[in-house]
There are 4 protein chains.
Amino acid sequence: MSAGDIDTARRQRFVQGFLSHVPHMATLGIAYRGHTSDWVELEMPYAPELVAYPDTGVIASGAIYALMDSAAGMSVVLAMGTPGPIATLDLRLDYLHPALPGETVIARSTCYKLTRTIGFVRGFAYQEDEARPVANMAGTFMLPSAA
Amino acid sequence: MSAGDIDTARRQRFVQGFLSHVPHMATLGIAYRGHTSDWVELEMPYAPELVAYPDTGVIASGAIYALMDSAAGMSVVLAMGTPGPIATLDLRLDYLHPALPGETVIARSTCYKLTRTIGFVRGFAYQEDEARPVANMAGTFMLPSAA
Amino acid sequence: MSAGDIDTARRQRFVQGFLSHVPHMATLGIAYRGHTSDWVELEMPYAPELVAYPDTGVIASGAIYALMDSAAGMSVVLAMGTPGPIATLDLRLDYLHPALPGETVIARSTCYKLTRTIGFVRGFAYQEDEARPVANMAGTFMLPSAA
Amino acid sequence: MSAGDIDTARRQRFVQGFLSHVPHMATLGIAYRGHTSDWVELEMPYAPELVAYPDTGVIASGAIYALMDSAAGMSVVLAMGTPGPIATLDLRLDYLHPALPGETVIARSTCYKLTRTIGFVRGFAYQEDEARPVANMAGTFMLPSAA
């Protein structure tokens, strides 16, 4: 087992521990999926209580936002290297097409820049195919030093 | 009872009927609060499953987004005058300060412009004081004619 | 002459002095128009070098952005009460319809919230009629304390 | 000379021809830089009339927006495959750090999704180093079919 593997396992435990202590994430069934040095992914399984359009079973744009916001916050925490209170400053989502009913939604976020007070994030949500995203995300977070 | 009152009551029933058929809105406890010719308000009572920060009881930015997205969609439907399938195209939220634990959050949205294919919305979320918003919103929706 | 008039005149000189020292604002012909305690307005006269669509004479969305960004920054400086280096953190513009050729564009911005490190702005651009905006704006600025 | 080279040359002439007919782009000195099947790049040389901060020579955030907006529109036109009237619907820019005085700014945009009525774009602006962007962009454009 390499140092990288240890780091991966530790990071995974850290994120999962974090998510399990957040009631709203637990309510939505949001879980850790994976990460690289560039991005982190969270996932949200399909569930009836996420549905916005009962006729078609399409889930709410708001649920996809909550998933992306969580992944974005997680990418900021991982970029900071140490846990600490952060807060969404602003976030924009573009919705490209309805999420497929019955399928898990995956959110991938990158914190591509940290200043002393701000973390900048971008990412996207997808289902079975990364090349066909459901939503695109851009946003900023306040860091603990600015709180 | 004036024609205006009848219209108000009918509009209220329409919105409440709409909300009760959307599972995700029911999950979050989102309800109709009021409207004028300029805006519509929805509200979301405080609930443990909305919490993002267990230490302080502050609710998730994602839950506030879901509320604003719902109010925004409702303002578009009311501006169109007839129900029809609409979809969030993109939405941006700015978060001004954490929502107060234990307090209902209210979202007010105005659909300030309709084209043939797009509805433009703006609004804000607040708790006890309109002049001290929790979040500011700007966004666009796709109309049925563009679907 | 009341204290309020003096304050208005001083504020106007301050803004005009500021604008005249910014080469890019001078290039675009941007000038002070007015303000209240709630908002500040800048204006940009129609000019051939702002045109994006030569067939119709419609000016560039980028020129309207530059005007709104300037008005937004000005509203932050006025809200701070003292001049100081600020920087656009992020800004979103929604374009509602093409600007009328030959007509001045006016940008109104409100800095509706200041924290220690961030100024939040919203506003709109219009031509002859406030009720028929050309563009809607939402954004954030970094304050000197965060630089 | 391969078919690909011919296509590249034709595409370059098309973009340059387009830019030279837009007065506002000519005013800002915006020119074609390059493209792949994934993205297009425009560039804007440093010039005194773009400066926002005379003390430091830093150019206006509004000028960077105009460059990104142009690159974004170009990426939509290239994705459509045929020229046609498009219009910015909404655009968001995040500013990561001031642009270096004296250096050209390059904007890269990808139109990552086209529907019948909307083109979705994302991209970034940089100077000497792609990995250290000056600004991040997300936006939508109206297509001719929705006009």
# chains A, B, ... in the order shown; residues from 1 in each chain; ligands from 1

call {"tool": "residues_around", "arguments": {"residues": "segment 29-38 of chain C", "least_positions_apart": "4", "cutoff": "12 Å", "atoms": "only C-alpha atoms", "output": "JSON, numbers by chain"}}
result
{"C": [4, 5, 7, 8, 9, 10, 11, 12, 13, 14, 15, 16, 17, 18, 19, 20, 21, 22, 23, 24, 25, 42, 43, 44, 45, 46, 47, 48, 49, 50, 63, 64, 65, 66, 67, 68, 69, 70, 71, 74, 75, 76, 78, 79, 81, 104, 105, 106, 107, 108, 109, 110, 111, 112, 113, 121, 122, 123], "D": [49]}

call {"tool": "atom_distance", "arguments": {"atom1": "atom CA of Thr117 of chain C", "atom2": "atom CA of Thr140 of chain C"}}
result
10.2 Å

call {"tool": "interface_residues", "arguments": {"of": "chain B", "to": "chain C", "cutoff": "10 Å", "atoms": "only C-alpha atoms", "output": "PDB file with N, CA, C and O atoms, in the first residue's frame"}}
result
ATOM      1  N   ARG B  92     -28.788  31.976 -10.186  1.00  0.00           N
ATOM      2  CA  ARG B  92     -27.661  32.358  -9.349  1.00  0.00           C
ATOM      3  C   ARG B  92     -28.184  32.839  -8.007  1.00  0.00           C
ATOM      4  O   ARG B  92     -29.119  33.636  -7.951  1.00  0.00           O
ATOM      5  N   LEU B  93     -27.580  32.355  -6.934  1.00  0.00           N
ATOM      6  CA  LEU B  93     -27.932  32.840  -5.613  1.00  0.00           C
ATOM      7  C   LEU B  93     -26.699  33.434  -4.941  1.00  0.00           C
ATOM      8  O   LEU B  93     -25.611  32.862  -5.007  1.00  0.00           O
ATOM      9  N   ASP B  94     -26.872  34.600  -4.323  1.00  0.00           N
ATOM     10  CA  ASP B  94     -25.856  35.190  -3.454  1.00  0.00           C
ATOM     11  C   ASP B  94     -26.335  35.025  -2.018  1.00  0.00           C
ATOM     12  O   ASP B  94     -27.475  35.379  -1.713  1.00  0.00           O
ATOM     13  N   TYR B  95     -25.450  34.519  -1.153  1.00  0.00           N
ATOM     14  CA  TYR B  95     -25.815  34.291   0.242  1.00  0.00           C
ATOM     15  C   TYR B  95     -25.211  35.393   1.103  1.00  0.00           C
ATOM     16  O   TYR B  95     -23.987  35.547   1.161  1.00  0.00           O
ATOM     17  N   LEU B  96     -26.083  36.154   1.790  1.00  0.00           N
ATOM     18  CA  LEU B  96     -25.645  37.361   2.491  1.00  0.00           C
ATOM     19  C   LEU B  96     -25.257  37.088   3.935  1.00  0.00           C
ATOM     20  O   LEU B  96     -24.356  37.707   4.466  1.00  0.00           O
ATOM     21  N   HIS B  97     -25.960  36.165   4.565  1.00  0.00           N
ATOM     22  CA  HIS B  97     -25.606  35.744   5.927  1.00  0.00           C
ATOM     23  C   HIS B  97     -26.363  34.453   6.212  1.00  0.00           C
ATOM     24  O   HIS B  97     -27.337  34.140   5.521  1.00  0.00           O
ATOM     25  N   TYR B 112     -39.896  39.414 -14.104  1.00  0.00           N
ATOM     26  CA  TYR B 112     -39.939  40.819 -14.542  1.00  0.00           C
ATOM     27  C   TYR B 112     -39.905  40.963 -16.054  1.00  0.00           C
ATOM     28  O   TYR B 112     -39.987  42.086 -16.570  1.00  0.00           O
ATOM     29  N   LYS B 113     -39.790  39.839 -16.761  1.00  0.00           N
ATOM     30  CA  LYS B 113     -39.784  39.910 -18.231  1.00  0.00           C
ATOM     31  C   LYS B 113     -40.076  38.527 -18.806  1.00  0.00           C
ATOM     32  O   LYS B 113     -39.516  37.526 -18.351  1.00  0.00           O
ATOM     33  N   LEU B 114     -40.971  38.489 -19.788  1.00  0.00           N
ATOM     34  CA  LEU B 114     -41.263  37.250 -20.525  1.00  0.00           C
ATOM     35  C   LEU B 114     -40.986  37.506 -22.001  1.00  0.00           C
ATOM     36  O   LEU B 114     -41.477  38.494 -22.550  1.00  0.00           O
ATOM     37  N   THR B 115     -40.191  36.642 -22.638  1.00  0.00           N
ATOM     38  CA  THR B 115     -40.130  36.666 -24.090  1.00  0.00           C
ATOM     39  C   THR B 115     -40.910  35.427 -24.557  1.00  0.00           C
ATOM     40  O   THR B 115     -41.536  34.748 -23.753  1.00  0.00           O
ATOM     41  N   ILE B 118     -38.290  32.658 -23.049  1.00  0.00           N
ATOM     42  CA  ILE B 118     -37.557  32.799 -21.780  1.00  0.00           C
ATOM     43  C   ILE B 118     -38.345  33.642 -20.780  1.00  0.00           C
ATOM     44  O   ILE B 118     -38.942  34.649 -21.150  1.00  0.00           O
ATOM     45  N   GLY B 119     -38.323  33.225 -19.518  1.00  0.00           N
ATOM     46  CA  GLY B 119     -38.819  34.040 -18.416  1.00  0.00           C
ATOM     47  C   GLY B 119     -37.643  34.460 -17.545  1.00  0.00           C
ATOM     48  O   GLY B 119     -36.834  33.619 -17.151  1.00  0.00           O
ATOM     49  N   PHE B 120     -37.535  35.774 -17.268  1.00  0.00           N
ATOM     50  CA  PHE B 120     -36.450  36.306 -16.427  1.00  0.00           C
ATOM     51  C   PHE B 120     -36.996  36.560 -15.025  1.00  0.00           C
ATOM     52  O   PHE B 120     -38.031  37.212 -14.873  1.00  0.00           O
ATOM     53  N   VAL B 121     -36.272  36.098 -14.010  1.00  0.00           N
ATOM     54  CA  VAL B 121     -36.720  36.237 -12.621  1.00  0.00           C
ATOM     55  C   VAL B 121     -35.650  36.898 -11.760  1.00  0.00           C
ATOM     56  O   VAL B 121     -34.460  36.791 -12.027  1.00  0.00           O
ATOM     57  N   ARG B 122     -36.131  37.610 -10.730  1.00  0.00           N
ATOM     58  CA  ARG B 122     -35.229  38.076  -9.681  1.00  0.00           C
ATOM     59  C   ARG B 122     -35.996  38.046  -8.366  1.00  0.00           C
ATOM     60  O   ARG B 122     -37.236  38.094  -8.370  1.00  0.00           O
ATOM     61  N   ALA B 131     -35.932  43.837   4.794  1.00  0.00           N
ATOM     62  CA  ALA B 131     -34.812  44.734   4.512  1.00  0.00           C
ATOM     63  C   ALA B 131     -33.470  44.088   4.826  1.00  0.00           C
ATOM     64  O   ALA B 131     -32.417  44.680   4.606  1.00  0.00           O
ATOM     65  N   ARG B 132     -33.511  42.862   5.373  1.00  0.00           N
ATOM     66  CA  ARG B 132     -32.266  42.165   5.711  1.00  0.00           C
ATOM     67  C   ARG B 132     -32.307  40.775   5.080  1.00  0.00           C
ATOM     68  O   ARG B 132     -32.461  39.777   5.762  1.00  0.00           O
ATOM     69  N   PRO B 133     -32.190  40.712   3.743  1.00  0.00           N
ATOM     70  CA  PRO B 133     -32.344  39.431   3.054  1.00  0.00           C
ATOM     71  C   PRO B 133     -31.247  38.426   3.415  1.00  0.00           C
ATOM     72  O   PRO B 133     -30.127  38.808   3.761  1.00  0.00           O
ATOM     73  N   ASN B 136     -29.949  36.617  -2.349  1.00  0.00           N
ATOM     74  CA  ASN B 136     -30.429  37.369  -3.519  1.00  0.00           C
ATOM     75  C   ASN B 136     -30.393  36.443  -4.739  1.00  0.00           C
ATOM     76  O   ASN B 136     -29.467  35.663  -4.897  1.00  0.00           O
ATOM     77  N   MET B 137     -31.408  36.554  -5.606  1.00  0.00           N
ATOM     78  CA  MET B 137     -31.542  35.605  -6.704  1.00  0.00           C
ATOM     79  C   MET B 137     -31.704  36.302  -8.058  1.00  0.00           C
ATOM     80  O   MET B 137     -32.382  37.323  -8.161  1.00  0.00           O
ATOM     81  N   ALA B 138     -31.058  35.730  -9.086  1.00  0.00           N
ATOM     82  CA  ALA B 138     -31.272  36.155 -10.468  1.00  0.00           C
ATOM     83  C   ALA B 138     -31.262  34.908 -11.334  1.00  0.00           C
ATOM     84  O   ALA B 138     -30.427  34.023 -11.124  1.00  0.00           O
ATOM     85  N   GLY B 139     -32.192  34.832 -12.310  1.00  0.00           N
ATOM     86  CA  GLY B 139     -32.216  33.607 -13.106  1.00  0.00           C
ATOM     87  C   GLY B 139     -33.093  33.695 -14.332  1.00  0.00           C
ATOM     88  O   GLY B 139     -33.724  34.724 -14.607  1.00  0.00           O
ATOM     89  N   THR B 140     -33.085  32.605 -15.089  1.00  0.00           N
ATOM     90  CA  THR B 140     -33.908  32.487 -16.297  1.00  0.00           C
ATOM     91  C   THR B 140     -34.568  31.108 -16.341  1.00  0.00           C
ATOM     92  O   THR B 140     -34.015  30.132 -15.850  1.00  0.00           O
TER      93      THR B 140
END

call {"tool": "atom_distance", "arguments": {"atom1": "atom CA of Pro85 of chain D", "atom2": "atom CA of Ser145 of chain D"}}
result
9.3 Å

call {"tool": "residues_around", "arguments": {"residues": "Gly57 of chain C", "least_positions_apart": "2", "cutoff": "8 Å", "atoms": "only C-alpha atoms", "output": "MDAnalysis selection string"}}
result
chainID C and resid 48 51:55 59 101:102

call {"tool": "select_by_dssp", "arguments": {"residues": "segment 46-88 of chain B", "states": "helix (DSSP H, G or I)", "output": "list in words"}}
result
Pro48, Glu49, Leu50, Ser61, Gly62, Ala63, Ile64, Tyr65, Ala66, Leu67, Met68, Asp69, Ser70, Ala71, Ala72, Gly73, Met74, Ser75, Val76, Val77, Leu78, Ala79 and Met80 of chain B
